$ cat structure-v4.cif   # mmCIF, C-alpha atoms
data_input
#
loop_
_atom_site.label_atom_id
_atom_site.label_comp_id
_atom_site.auth_asym_id
_atom_site.auth_seq_id
_atom_site.Cartn_x
_atom_site.Cartn_y
_atom_site.Cartn_z
CA MET A 19 95.12 79.13 71.29
CA ASN A 20 93.12 81.99 69.82
CA PRO A 21 95.58 84.32 67.99
CA TYR A 22 93.21 87.29 68.30
CA TYR A 23 93.08 87.05 72.11
CA LEU A 24 96.81 86.34 72.34
CA LYS A 25 97.52 89.47 70.30
CA TYR A 26 95.66 91.55 72.87
CA PHE A 27 97.35 89.68 75.70
CA SER A 28 100.66 90.76 74.17
CA ASN A 29 99.37 94.35 74.20
CA TYR A 30 98.32 93.87 77.81
CA GLU A 31 101.81 92.67 78.77
CA TYR A 32 103.34 95.68 77.02
CA TYR A 33 101.31 98.11 79.12
CA GLU A 34 101.60 96.01 82.26
CA ASN A 35 105.36 96.43 82.04
CA ILE A 36 104.98 100.20 81.67
CA ILE A 37 102.57 100.46 84.62
CA ASN A 38 104.83 98.33 86.81
CA ASN A 39 107.76 100.63 86.01
CA ILE A 40 106.07 103.98 86.56
CA GLN A 41 103.33 103.34 89.11
CA ASN A 42 105.41 104.21 92.15
CA ILE A 43 107.62 106.89 90.61
CA LYS A 44 107.41 110.33 92.21
CA LEU A 45 109.52 113.02 90.61
CA SER A 46 110.44 116.42 91.99
CA LYS A 47 109.36 119.50 90.06
CA LYS A 48 112.91 119.93 88.77
CA GLN A 49 113.00 116.34 87.54
CA GLU A 50 109.58 116.70 85.93
CA SER A 51 110.69 119.84 84.10
CA TYR A 52 113.69 117.96 82.70
CA LEU A 53 111.51 115.02 81.65
CA LEU A 54 109.09 117.39 79.94
CA SER A 55 111.97 118.99 78.03
CA PHE A 56 112.53 115.73 76.14
CA VAL A 57 109.02 116.01 74.65
CA PHE A 58 110.06 119.14 72.79
CA TYR A 59 113.79 118.42 72.42
CA PRO A 60 114.47 114.75 71.72
CA HIS A 61 118.09 113.72 71.19
CA PHE A 62 119.28 116.18 73.84
CA SER A 63 122.00 115.83 76.46
CA ALA A 64 121.95 117.12 80.03
CA TYR A 65 124.07 120.05 78.90
CA ASP A 66 121.71 120.84 75.98
CA ILE A 67 118.66 120.92 78.23
CA GLU A 68 120.26 123.08 80.92
CA ARG A 69 121.55 125.47 78.28
CA LYS A 70 118.12 125.61 76.64
CA LYS A 71 116.62 126.74 79.93
CA LYS A 72 118.86 129.79 79.93
CA PRO A 73 117.58 133.07 78.44
CA LYS A 74 118.79 133.65 74.91
CA VAL A 75 121.13 136.43 75.98
CA GLU A 76 122.91 134.06 78.36
CA ARG A 77 123.31 131.16 75.95
CA GLY A 78 126.95 130.72 75.16
CA GLU A 79 129.75 128.26 75.52
CA ASP A 80 130.35 129.37 79.11
CA ALA A 81 126.70 129.79 80.07
CA ILE A 82 126.62 126.60 82.20
CA ASN A 83 128.85 126.43 85.26
CA SER A 84 130.17 123.17 86.69
CA SER A 85 127.60 123.07 89.52
CA GLU A 86 124.65 123.46 87.14
CA TYR A 87 126.08 120.89 84.76
CA ARG A 88 126.64 118.40 87.58
CA GLN A 89 123.05 118.84 88.79
CA ALA A 90 121.72 118.42 85.26
CA THR A 91 123.78 115.27 84.77
CA ASN A 92 122.50 113.78 88.02
CA ILE A 93 118.88 114.48 87.10
CA VAL A 94 119.22 112.99 83.64
CA SER A 95 120.99 109.92 85.06
CA LYS A 96 118.14 109.49 87.53
CA LEU A 97 115.53 109.68 84.79
CA CYS A 98 117.49 107.12 82.82
CA ASP A 99 117.72 104.78 85.84
CA LEU A 100 113.94 105.05 86.19
CA LYS A 101 113.61 104.04 82.50
CA LEU A 102 111.78 107.23 81.63
CA ILE A 103 114.47 108.20 79.12
CA GLU A 104 117.13 106.19 77.35
CA LEU A 105 120.35 106.73 75.47
CA ASP A 106 119.71 107.45 71.84
CA LYS A 107 121.65 104.66 70.16
CA GLU A 108 121.59 106.21 66.71
CA LYS A 109 122.96 109.51 67.98
CA GLU A 110 125.21 108.16 70.69
CA GLU A 111 128.29 108.85 68.61
CA ASN A 112 128.86 112.60 68.25
CA PRO A 113 131.88 114.90 67.99
CA HIS A 114 131.71 116.00 71.63
CA LYS A 115 130.96 112.50 73.00
CA LYS A 116 127.83 113.81 74.70
CA LYS A 117 125.26 111.35 75.99
CA ILE A 118 122.10 111.97 73.98
CA TYR A 119 118.72 110.90 75.39
CA SER A 120 115.10 110.56 74.27
CA LEU A 121 111.89 109.57 76.03
CA THR A 122 110.94 105.92 76.39
CA ALA A 123 107.39 104.56 76.16
CA ASN A 124 107.44 104.66 79.98
CA GLY A 125 108.31 108.34 79.91
CA LEU A 126 105.63 109.19 77.36
CA PHE A 127 102.98 107.29 79.32
CA TYR A 128 104.11 109.02 82.52
CA ILE A 129 103.80 112.47 80.93
CA ILE A 130 100.42 111.82 79.32
CA ARG A 131 99.01 110.95 82.73
CA TRP A 132 99.76 114.50 83.91
CA HIS A 133 96.68 116.70 83.83
CA SER A 134 99.00 119.70 83.64
CA PHE A 135 100.33 118.60 80.25
CA PHE A 136 96.98 119.36 78.60
CA GLY A 137 97.19 122.50 76.49
CA ARG A 138 100.94 122.13 75.86
CA ASP A 139 102.32 121.53 72.38
CA ILE A 140 100.70 118.13 71.77
CA GLN A 141 101.81 118.25 68.15
CA ALA A 142 105.46 118.31 69.25
CA MET A 143 104.98 115.00 71.06
CA ILE A 144 103.39 113.46 67.95
CA LYS A 145 106.10 114.79 65.63
CA ASN A 146 108.99 113.80 67.86
CA TYR A 147 107.63 110.38 68.93
CA PRO A 148 105.45 109.20 66.02
CA ASN A 149 106.11 105.51 66.75
CA PHE A 150 104.58 105.58 70.23
CA LYS A 151 102.36 102.49 70.39
CA MET A 152 99.23 104.27 71.63
CA LEU A 153 99.33 106.61 68.64
CA LYS A 154 99.86 103.76 66.17
CA ASP A 155 97.08 101.61 67.64
CA LEU A 156 94.46 104.15 68.71
CA VAL A 157 94.93 107.25 66.55
CA TYR A 158 96.52 106.57 63.15
CA PRO A 159 93.77 104.13 62.02
CA PHE A 160 91.39 107.13 62.08
CA ILE A 161 93.58 110.12 61.24
CA LYS A 162 96.93 109.98 59.49
CA LEU A 163 100.24 111.16 60.90
CA ASP A 164 100.69 113.71 58.10
CA THR A 165 97.36 115.29 59.03
CA LEU A 166 98.29 115.46 62.70
CA CYS A 167 101.59 117.13 61.87
CA SER A 168 100.07 119.70 59.51
CA GLU A 169 100.30 123.38 60.44
CA ASN A 170 96.63 123.73 59.42
CA ILE A 171 95.17 121.28 61.91
CA PRO A 172 93.09 123.06 64.59
CA ILE A 173 94.52 123.01 68.10
CA SER A 174 91.09 121.90 69.35
CA ILE A 175 91.46 118.66 67.39
CA LEU A 176 94.92 118.04 68.85
CA ASN A 177 93.62 118.74 72.36
CA ALA A 178 90.68 116.37 71.83
CA ILE A 179 93.08 113.65 70.69
CA PHE A 180 95.28 114.21 73.72
CA LEU A 181 92.29 113.92 76.08
CA TYR A 182 91.30 110.75 74.25
CA ILE A 183 94.79 109.27 74.71
CA GLN A 184 94.87 110.38 78.34
CA GLN A 185 91.53 108.69 78.93
CA TYR A 186 92.89 105.47 77.48
CA CYS A 187 95.94 105.66 79.73
CA LEU A 188 93.59 105.73 82.71
CA LYS A 189 91.43 102.89 81.35
CA ILE A 190 94.48 100.74 80.69
CA GLU A 191 95.94 101.41 84.14
CA ASN A 192 92.63 100.59 85.81
CA PHE A 193 92.29 97.36 83.86
CA ILE A 194 95.82 96.24 84.72
CA ASN A 195 95.19 96.86 88.42
CA TYR A 196 91.94 94.92 88.12
CA ALA A 197 93.68 92.05 86.33
CA LYS A 198 96.32 91.81 89.06
CA ASN A 199 93.66 91.43 91.75
CA LYS A 200 91.56 88.87 89.89
CA VAL A 201 92.50 85.37 91.02
CA GLU A 202 90.75 83.10 88.53
CA TRP A 203 91.10 83.84 84.82
CA GLN A 204 90.77 80.41 83.24
CA ARG A 205 87.16 79.69 82.33
CA ASP A 206 84.77 78.14 79.87
CA SER A 207 83.28 80.63 77.44
CA TRP A 208 81.41 80.85 74.16
CA ASN A 209 80.98 82.75 70.92
CA TRP A 210 77.81 83.17 68.92
CA ASN A 211 77.66 80.98 65.84
CA ILE A 212 76.32 83.98 63.99
CA GLU A 213 76.03 82.44 60.54
CA LYS A 214 74.14 79.42 61.85
CA LEU A 215 71.81 81.65 63.85
CA ARG A 216 71.36 83.92 60.83
CA LYS A 217 70.35 80.93 58.69
CA PHE A 218 67.91 79.72 61.35
CA LEU A 219 66.19 83.12 61.59
CA ILE A 220 65.88 83.34 57.81
CA GLU A 221 64.37 79.86 57.51
CA LYS A 222 62.19 80.03 60.63
CA TYR A 223 60.93 83.61 60.46
CA LYS A 224 61.51 84.45 56.78
CA TYR A 225 63.94 87.31 57.47
CA GLU A 226 65.48 87.41 54.00
CA TRP A 227 67.12 90.78 54.74
CA LEU A 228 69.40 89.05 57.26
CA GLU A 229 71.53 87.83 54.35
CA ASN A 230 73.36 91.18 54.29
CA ALA A 231 72.60 92.42 57.81
CA GLU A 232 75.19 93.81 60.20
CA ASP A 233 75.53 92.27 63.66
CA LYS A 234 76.60 93.72 66.99
CA GLU A 235 76.92 92.18 70.45
CA ASP A 236 77.39 93.69 73.89
CA ASN A 237 80.58 93.30 75.94
CA GLU A 238 79.22 90.30 77.84
CA GLN A 239 78.07 88.63 74.60
CA THR A 240 74.59 88.07 76.04
CA ASN A 241 72.82 90.39 73.62
CA LEU A 242 73.13 90.05 69.83
CA ILE A 243 71.46 92.49 67.44
CA PHE A 244 71.11 92.20 63.68
CA PHE A 245 70.69 95.52 61.83
CA ASN A 246 69.47 96.05 58.30
CA LYS A 247 71.90 98.75 57.21
CA ASN A 248 69.75 99.59 54.19
CA LYS A 249 66.47 99.91 56.08
CA CYS A 250 66.53 101.52 59.51
CA ASN A 251 63.22 99.99 60.63
CA GLN A 252 64.50 96.42 60.54
CA SER A 253 66.45 94.82 63.38
CA ILE A 254 66.39 91.70 65.55
CA ASN A 255 67.50 91.45 69.17
CA ILE A 256 68.56 88.03 70.49
CA ARG A 257 69.04 87.78 74.26
CA LEU A 258 70.96 85.03 76.06
CA ARG A 259 70.14 84.18 79.68
CA PHE A 260 71.40 81.65 82.20
CA LYS A 261 69.61 79.50 84.72
CA GLY A 262 72.21 77.42 86.50
CA ASP A 263 74.34 75.76 83.84
CA LYS A 264 71.69 76.03 81.12
CA PHE A 265 71.36 78.58 78.34
CA TYR A 266 68.09 80.12 77.23
CA GLY A 267 67.55 82.34 74.20
CA TYR A 268 64.84 84.88 73.49
CA LEU A 269 63.73 87.26 70.78
CA ILE A 270 62.94 90.50 72.65
CA SER A 271 60.26 93.01 71.62
CA GLY A 272 58.32 95.84 73.24
CA THR A 273 59.39 98.66 75.55
CA LYS A 274 61.47 98.51 78.71
CA ASN A 275 58.34 98.53 80.87
CA LYS A 276 56.40 96.04 78.77
CA LYS A 277 58.60 93.50 77.05
CA LYS A 278 57.55 90.53 74.97
CA GLU A 279 59.76 87.49 74.68
CA ILE A 280 59.70 84.80 72.04
CA PRO A 281 61.72 81.76 73.21
CA ILE A 282 64.32 80.38 70.80
CA PRO A 283 64.56 76.60 71.36
CA ASN A 284 67.94 74.90 71.71
CA ILE A 285 69.84 78.17 71.84
CA GLU A 286 73.00 76.25 72.81
CA THR A 287 73.15 74.89 69.23
CA PHE A 288 73.91 78.47 68.13
CA LEU A 289 76.83 78.85 70.54
CA ILE A 290 80.43 77.74 70.10
CA LYS A 291 81.74 76.72 73.51
CA PHE A 292 85.46 76.70 74.27
CA HIS A 293 87.93 76.90 77.14
CA LEU A 294 90.00 80.04 77.64
CA SER A 295 93.49 79.95 79.12
CA LYS A 296 94.55 82.75 81.47
CA GLU A 297 96.37 84.51 78.62
CA GLU A 298 93.39 84.22 76.25
CA SER A 299 90.92 85.32 78.89
CA ILE A 300 92.97 88.40 79.80
CA GLY A 301 93.47 89.18 76.11
CA ARG A 302 89.77 88.87 75.44
CA SER A 303 88.88 91.22 78.30
CA PHE A 304 91.63 93.68 77.39
CA SER A 305 90.41 93.83 73.79
CA LEU A 306 87.23 95.51 75.08
CA TYR A 307 89.36 98.25 76.69
CA TYR A 308 91.76 98.70 73.81
CA THR A 309 89.44 99.08 70.84
CA ILE A 310 87.38 101.98 69.54
CA SER A 311 85.09 102.21 66.54
CA PRO A 312 85.50 104.82 63.78
CA ALA A 313 82.15 106.30 64.83
CA GLU A 314 83.29 106.74 68.44
CA PHE A 315 86.50 108.43 67.30
CA GLY A 316 84.59 110.66 64.90
CA PHE A 317 82.19 111.79 67.65
CA LEU A 318 85.14 112.48 69.92
CA LEU A 319 86.78 114.78 67.40
CA LEU A 320 83.54 116.53 66.52
CA SER A 321 83.10 117.37 70.19
CA GLY A 322 86.51 119.06 70.15
CA GLY A 323 84.95 122.48 69.90
CA PHE A 324 86.17 124.07 66.67
CA THR A 325 83.24 125.77 64.95
CA SER A 326 84.41 126.83 61.52
CA TYR A 327 86.24 125.33 58.59
CA THR A 328 88.57 127.43 56.52
CA TYR A 329 89.46 126.28 53.04
CA ASP A 330 92.83 124.99 54.28
CA ILE A 331 91.27 122.98 57.12
CA SER A 332 88.59 121.46 54.87
CA LEU A 333 91.20 120.59 52.26
CA LEU A 334 93.44 119.01 54.89
CA PHE A 335 90.75 116.63 56.16
CA SER A 336 89.38 115.89 52.68
CA LYS A 337 92.72 114.32 51.73
CA ASP A 338 92.78 112.03 54.78
CA GLU A 339 90.99 108.79 53.86
CA ASN A 340 91.13 107.49 57.42
CA PHE A 341 89.47 110.61 58.79
CA SER A 342 86.81 110.60 56.06
CA GLN A 343 85.85 107.01 56.84
CA ALA A 344 85.65 107.75 60.57
CA LEU A 345 83.53 110.81 59.83
CA GLU A 346 81.14 108.84 57.61
CA ALA A 347 80.71 106.18 60.29
CA ALA A 348 80.07 108.87 62.91
CA LYS A 349 77.47 110.52 60.66
CA GLU A 350 75.65 107.22 60.16
CA GLU A 351 75.53 106.59 63.91
CA PHE A 352 74.46 110.18 64.58
CA ASP A 353 71.62 109.91 62.05
CA LYS A 354 70.32 106.80 63.83
CA LEU A 355 70.61 108.50 67.20
CA TYR A 356 68.89 111.63 65.88
CA LEU A 357 65.93 109.64 64.51
CA SER A 358 65.62 107.67 67.73
CA ILE A 359 65.46 110.83 69.87
CA LYS A 360 63.38 112.87 67.41
CA ASN A 361 60.75 110.15 67.00
CA PRO A 362 61.16 107.47 69.72
CA TYR A 363 57.78 105.88 68.90
CA GLN A 364 59.02 105.01 65.45
CA TYR A 365 62.81 104.82 65.51
CA SER A 366 63.93 103.78 69.02
CA LEU A 367 65.47 100.31 69.16
CA GLU A 368 62.50 98.87 71.06
CA SER A 369 60.04 100.37 68.57
CA LEU A 370 61.96 99.05 65.57
CA ILE A 371 62.05 95.55 67.04
CA ALA A 372 58.38 95.64 68.04
CA LYS A 373 57.36 96.89 64.61
CA ASP A 374 59.41 94.24 62.85
CA LEU A 375 57.98 91.46 64.99
CA TRP A 376 54.45 92.76 64.47
CA GLU A 377 54.97 92.70 60.71
CA LEU A 378 56.34 89.17 60.94
CA ALA A 379 53.39 87.96 63.05
CA TYR A 380 50.97 89.58 60.61
CA LYS A 381 52.67 87.89 57.66
CA ARG A 382 52.70 84.49 59.37
CA ASN A 383 49.02 84.83 60.31
CA LYS A 384 48.19 85.78 56.73
CA ASP A 385 50.13 82.80 55.39
CA ASP A 386 48.30 80.45 57.78
CA LYS A 387 44.93 81.65 56.51
CA TRP A 388 45.97 80.90 52.98
#
$ encode --input "structure-v4.cif" --output "structure tokens"
Amino acid sequence: MNPYYLKYFSNYEYYENIINNIQNIKLSKKQESYLLSFVFYPHFSAYDIERKKKPKVERGEDAINSSEYRQATNIVSKLCDLKLIELDKEKEENPHKKKIYSLTANGLFYIIRWHSFFGRDIQAMIKNYPNFKMLKDLVYPFIKLDTLCSENIPISILNAIFLYIQQYCLKIENFINYAKNKVEWQRDSWNWNIEKLRKFLIEKYKYEWLENAEDKEDNEQTNLIFFNKNKCNQSINIRLRFKGDKFYGYLISGTKNKKKEIPIPNIETFLIKFHLSKEESIGRSFSLYYTISPAEFGFLLLSGGFTSYTYDISLLFSKDENFSQALEAAKEEFDKLYLSIKNPYQYSLESLIAKDLWELAYKRNKDDKW
């Protein structure tokens, strides 16, 4: 069993349970308003919420009549039955023996799916529910909790993060619905034996720079690219194709309209074949939906729309190591994208590969003459 895939299968089960619980829930506007109150006022009782809804001048010990209190209690009990809120165990004991509630992961997921929640106090949700799994897994690796809770953080950044989380809610829900409808999950699969392939390319084609090259593969694992991170004009693209049950490998060069292919013999020797259980297969697929690179996150925040940095804002982000690393990765990716668009004949992926292969062919031809 692959522990990496099983870890993501565990994440899948976590969200599958949430989706199963909330998918068919339809709340009235009154119920939704109560649920939303727990975002801003965790550890509240039905009485606290109803009293909070009253104008300040009416807030007093006798502000809530028995009919209003009974309605509030019924609504809160309903939300609890639906597992959108739960009794706060740590605060259950109090002088007035009130039942204190807070949002569950189900309730948070339900609220985030609302388009109408955008523009509300997103920071309140983060402050009051900092241990929400989506924040821990998808946000904190790139920007720290202290930064998110700072009074100096721009609202545009918080809104961009909320849209990002909302997008992931949708992606997760779509994947879970897809997984439910897919009948066959067990299958034979493979991984690239990257180090063996790297060694072969160095020995066969004299690509010494591959020793410290970065590698990246597509979601289907049929396209593997080696990048020289110190020299932008060096890269290798290895393509895997299938004909029946056989594998074929190629080194691709040229443009989309005029490609050149150099066959790689015995490509199967550079693959590690294995059998995936249902749990591993789901976990592997879910990992593609539940991961994001620092560069992607950095681009997302930079598209948030704030246009100026005050001293306080700059100082805030400069102290956040996670944000700095994400920003550096985004800058590196942006520089590559900029060069590719600014000068496609020299810096586009196809041009880089073609140029590298041309230099290799020239070197091999020169060596043969000697």
$ resolve_selection --input "structure-v4.cif" --expression "the PyMOL selection byres ((chain A and resi 30) around 8)" --output "list in words"
Tyr26, Phe27, Ser28, Asn29, Glu31, Tyr32, Tyr33, Glu34, Ile194, Ile300, Gly301 and Phe304 of chain A
$ resolve_selection --input "structure-v4.cif" --expression "the PyMOL selection byres ((chain A and resi 87-96) around 10)" --output "PDB file with C-alpha atoms, in the frame of the given file"
ATOM      1  CA  LEU A  45     109.520 113.020  90.610  1.00  0.00           C
ATOM      2  CA  SER A  46     110.440 116.420  91.990  1.00  0.00           C
ATOM      3  CA  LYS A  48     112.910 119.930  88.770  1.00  0.00           C
ATOM      4  CA  GLN A  49     113.000 116.340  87.540  1.00  0.00           C
ATOM      5  CA  GLU A  50     109.580 116.700  85.930  1.00  0.00           C
ATOM      6  CA  TYR A  52     113.690 117.960  82.700  1.00  0.00           C
ATOM      7  CA  LEU A  53     111.510 115.020  81.650  1.00  0.00           C
ATOM      8  CA  SER A  63     122.000 115.830  76.460  1.00  0.00           C
ATOM      9  CA  ALA A  64     121.950 117.120  80.030  1.00  0.00           C
ATOM     10  CA  TYR A  65     124.070 120.050  78.900  1.00  0.00           C
ATOM     11  CA  ASP A  66     121.710 120.840  75.980  1.00  0.00           C
ATOM     12  CA  ILE A  67     118.660 120.920  78.230  1.00  0.00           C
ATOM     13  CA  GLU A  68     120.260 123.080  80.920  1.00  0.00           C
ATOM     14  CA  ARG A  69     121.550 125.470  78.280  1.00  0.00           C
ATOM     15  CA  ILE A  82     126.620 126.600  82.200  1.00  0.00           C
ATOM     16  CA  ASN A  83     128.850 126.430  85.260  1.00  0.00           C
ATOM     17  CA  SER A  84     130.170 123.170  86.690  1.00  0.00           C
ATOM     18  CA  SER A  85     127.600 123.070  89.520  1.00  0.00           C
ATOM     19  CA  GLU A  86     124.650 123.460  87.140  1.00  0.00           C
ATOM     20  CA  LEU A  97     115.530 109.680  84.790  1.00  0.00           C
ATOM     21  CA  CYS A  98     117.490 107.120  82.820  1.00  0.00           C
ATOM     22  CA  ASP A  99     117.720 104.780  85.840  1.00  0.00           C
ATOM     23  CA  LEU A 100     113.940 105.050  86.190  1.00  0.00           C
ATOM     24  CA  LYS A 101     113.610 104.040  82.500  1.00  0.00           C
ATOM     25  CA  LEU A 102     111.780 107.230  81.630  1.00  0.00           C
ATOM     26  CA  ILE A 103     114.470 108.200  79.120  1.00  0.00           C
ATOM     27  CA  GLU A 104     117.130 106.190  77.350  1.00  0.00           C
ATOM     28  CA  LYS A 117     125.260 111.350  75.990  1.00  0.00           C
ATOM     29  CA  TYR A 119     118.720 110.900  75.390  1.00  0.00           C
TER      30      TYR A 119
END
$ atom_distance --input "structure-v4.cif" --atom1 "CA of Asn209 in chain A" --atom2 "CA of Thr240 in chain A"
9.8 Å
$ atom_distance --input "structure-v4.cif" --atom1 "CA of Leu215 in chain A" --atom2 "CA of Phe244 in chain A"
10.6 Å
$ closest_residue --input "structure-v4.cif" --among "A:Leu319, A:Gly125, A:Tyr59, A:Leu156" --to "Asn177 in chain A" --atoms "only C-alpha atoms"
A:Leu319
$ resolve_selection --input "structure-v4.cif" --expression "the PyMOL selection byres ((chain A and resi 351) around 12)" --output "ChimeraX atom specification"
/A:247,250,311-317,344-350,352-358
$ write_last_selection --input "structure-v4.cif" --atoms "C-alpha atoms" --output "compact mmCIF listing (two decimals), in the frame of the given file"
# COMPACT_ATOMS: atom_id res chain seq x y z
CA LYS A 247 71.90 98.75 57.21
CA CYS A 250 66.53 101.52 59.51
CA SER A 311 85.09 102.21 66.54
CA PRO A 312 85.50 104.82 63.78
CA ALA A 313 82.15 106.30 64.83
CA GLU A 314 83.29 106.74 68.44
CA PHE A 315 86.50 108.43 67.30
CA GLY A 316 84.59 110.66 64.90
CA PHE A 317 82.19 111.79 67.65
CA ALA A 344 85.65 107.75 60.57
CA LEU A 345 83.53 110.81 59.83
CA GLU A 346 81.14 108.84 57.61
CA ALA A 347 80.71 106.18 60.29
CA ALA A 348 80.07 108.87 62.91
CA LYS A 349 77.47 110.52 60.66
CA GLU A 350 75.65 107.22 60.16
CA PHE A 352 74.46 110.18 64.58
CA ASP A 353 71.62 109.91 62.05
CA LYS A 354 70.32 106.80 63.83
CA LEU A 355 70.61 108.50 67.20
CA TYR A 356 68.89 111.63 65.88
CA LEU A 357 65.93 109.64 64.51
CA SER A 358 65.62 107.67 67.73
$ atom_distance --input "structure-v4.cif" --atom1 "CA of Ile254 in chain A" --atom2 "CA of Lys214 in chain A"
15.0 Å
$ residues_around --input "structure-v4.cif" --residues "range 258-260 of chain A" --least-positions-apart "4" --cutoff "12 Å" --atoms "only C-alpha atoms" --output "list in words"
Trp208, Asn209, Trp210, Glu235, Asp236, Glu238, Gln239, Thr240, Asn241, Leu242, Ile243, Lys264, Phe265, Tyr266, Gly267, Tyr268, Leu269, Ile270, Glu279, Ile280, Pro281, Ile282, Pro283, Asn284, Ile285, Glu286, Phe288 and Leu289 of chain A
$ closest_residue --input "structure-v4.cif" --among "A:Asn38, A:Leu228, A:Phe150, A:Pro172" --to "Tyr327 in chain A" --atoms "only C-alpha atoms"
A:Pro172
$ closest_residue --input "structure-v4.cif" --among "A:Met152, A:Ile140, A:Leu181, A:Ile290" --to "Cys167 in chain A" --atoms "all atoms listed in the file"
A:Ile140
$ residues_around --input "structure-v4.cif" --residues "Asn195 in chain A" --least-positions-apart "4" --cutoff "10 Å" --atoms "only C-alpha atoms" --output "list in words"
Glu34, Ile37, Asn38, Ile190, Glu191, Asn199 and Lys200 of chain A
$ write_last_selection --input "structure-v4.cif" --atoms "C-alpha atoms" --output "PDB file, in the coordinates of the input"
ATOM      1  CA  GLU A  34     101.600  96.010  82.260  1.00  0.00           C
ATOM      2  CA  ILE A  37     102.570 100.460  84.620  1.00  0.00           C
ATOM      3  CA  ASN A  38     104.830  98.330  86.810  1.00  0.00           C
ATOM      4  CA  ILE A 190      94.480 100.740  80.690  1.00  0.00           C
ATOM      5  CA  GLU A 191      95.940 101.410  84.140  1.00  0.00           C
ATOM      6  CA  ASN A 199      93.660  91.430  91.750  1.00  0.00           C
ATOM      7  CA  LYS A 200      91.560  88.870  89.890  1.00  0.00           C
TER       8      LYS A 200
END
$ closest_residue --input "structure-v4.cif" --among "A:Asn42, A:Phe180, A:Ile359, A:Ile171" --to "Tyr329 in chain A" --atoms "only C-alpha atoms"
A:Ile171
$ closest_residue --input "structure-v4.cif" --among "A:Ser342, A:Thr287, A:Ser299, A:Ser51" --to "Asp206 in chain A" --atoms "all atoms listed in the file"
A:Ser299
$ closest_residue --input "structure-v4.cif" --among "A:Ser295, A:Asn246, A:Ser168, A:Ser207" --to "Tyr225 in chain A" --atoms "all atoms listed in the file"
A:Asn246
